[in-house]
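Student: Here's a structure for you.
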Amino acid sequence: MSEATLSETHDNHSGASTGEYLTFTLGQEEYGIDILKVQEIRGYDAVTRIANTPEFIKGVINLRGTIVPIVDLRIRFHLGNVEYNDFTVVIILNVSNRVVGIVVDGVSDVITLQPGQINAVPALVSNIDTKYLVGLGTVAERMLILVNIESLMTSQEMTLIDSVAA
């Protein structure tokens, strides 16, 4: 790659910056979240249900003395039938100075994306509000839906998590 091409790649003004993303699957789709928000990855264990919470909030777990609300992203994103198996994992996140877990079908890997590999989200994506998406990442033949997990977890409907964790 020539130096001119390299500088053009780094000057992409799509609003996204180079970053590392933890990739995971929900149904048939592959998603990515900022690796800096990830605290740990755990197998899915039983949770304590909390009455009068939305279906997507599975309950809470006690993680070394911290009460952590658990959100099932498959339910939150209306992705149909939810099955828990040996591959189901909980990604423990630290967003806006609080700890929350998200249930996903499986974790793939960590990838680095350059700004030129992140494209705008087309308006046709309907099951996820596009304001919670960073963009679509492309790596070789893979297409990743990049979720702004901070924005999603601090959204209006997620403020319920504050009351569950309190």
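Residues are referred to by chain and number: the chain letter is A, B, ... according to the order shown in the structure tokens, the number counts from 1 in that chain, and ligands are numbered separately from 1 in the order shown.
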Please list as a compact mmCIF listing (two decimals) with C-alpha atoms, in the first residue's frame every residue within 12 Å of Asn62 of chain A, counting only C-alpha atoms and excluding residues in the same chain fewer than 3 positions away.
Tutor:
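The resulting file, result.txt, is reproduced below:
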# COMPACT_ATOMS: atom_id res chain seq x y z
CA ASP A 45 -25.71 -19.41 35.14
CA ALA A 46 -29.08 -19.21 36.81
CA VAL A 47 -30.20 -15.69 37.67
CA THR A 48 -32.49 -14.41 40.38
CA GLY A 59 -32.73 -11.00 36.61
CA GLY A 65 -20.45 -8.91 46.10
CA THR A 66 -21.80 -6.73 43.28
CA ILE A 67 -25.43 -7.15 42.21
CA VAL A 68 -25.35 -7.29 38.41
CA PRO A 69 -28.50 -7.00 36.26
CA ILE A 70 -28.52 -9.45 33.34
CA ILE A 92 -19.96 -8.54 31.96
CA VAL A 99 -21.71 -3.22 35.96
CA VAL A 100 -24.25 -5.02 33.78
CA GLY A 101 -24.27 -8.39 32.03
CA ALA A 165 -29.41 -3.05 40.64
Student: Please provide the set of residues having any atom within 6 Å of segment 116-119 of chain A, restricted to only C-alpha atoms, with same-chain residues fewer than 6 positions apart removed, written as an mmCIF file with C-alpha atoms, in the first residue's frame.
Tutor:
data_model
loop_
_atom_site.group_PDB
_atom_site.id
_atom_site.type_symbol
_atom_site.label_atom_id
_atom_site.label_comp_id
_atom_site.auth_asym_id
_atom_site.auth_seq_id
_atom_site.Cartn_x
_atom_site.Cartn_y
_atom_site.Cartn_z
ATOM 1 C CA THR A 9 -7.413 5.379 4.908
ATOM 2 C CA GLY A 135 -22.047 1.122 12.076
ATOM 3 C CA LEU A 136 -21.416 -2.013 10.083
ATOM 4 C CA GLY A 137 -17.895 -3.388 10.223
ATOM 5 C CA THR A 138 -16.439 -5.411 7.397
#
Student: So, counting only C-alpha atoms, which residue among A:Ile33, A:Val95, A:Ile41, A:Leu63 is closest to Leu113 of chain A?
Tutor: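 Counting only C-alpha atoms, the residue closest to Leu113 of chain A is A:Ile33.
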Student: Please determine, counting only C-alpha atoms, which residue among A:Thr112, A:Tyr21, A:Pro122, A:Ile149 has the shortest atom-to-atom distance to Ser96 of chain A.
Tutor: A:Ile149
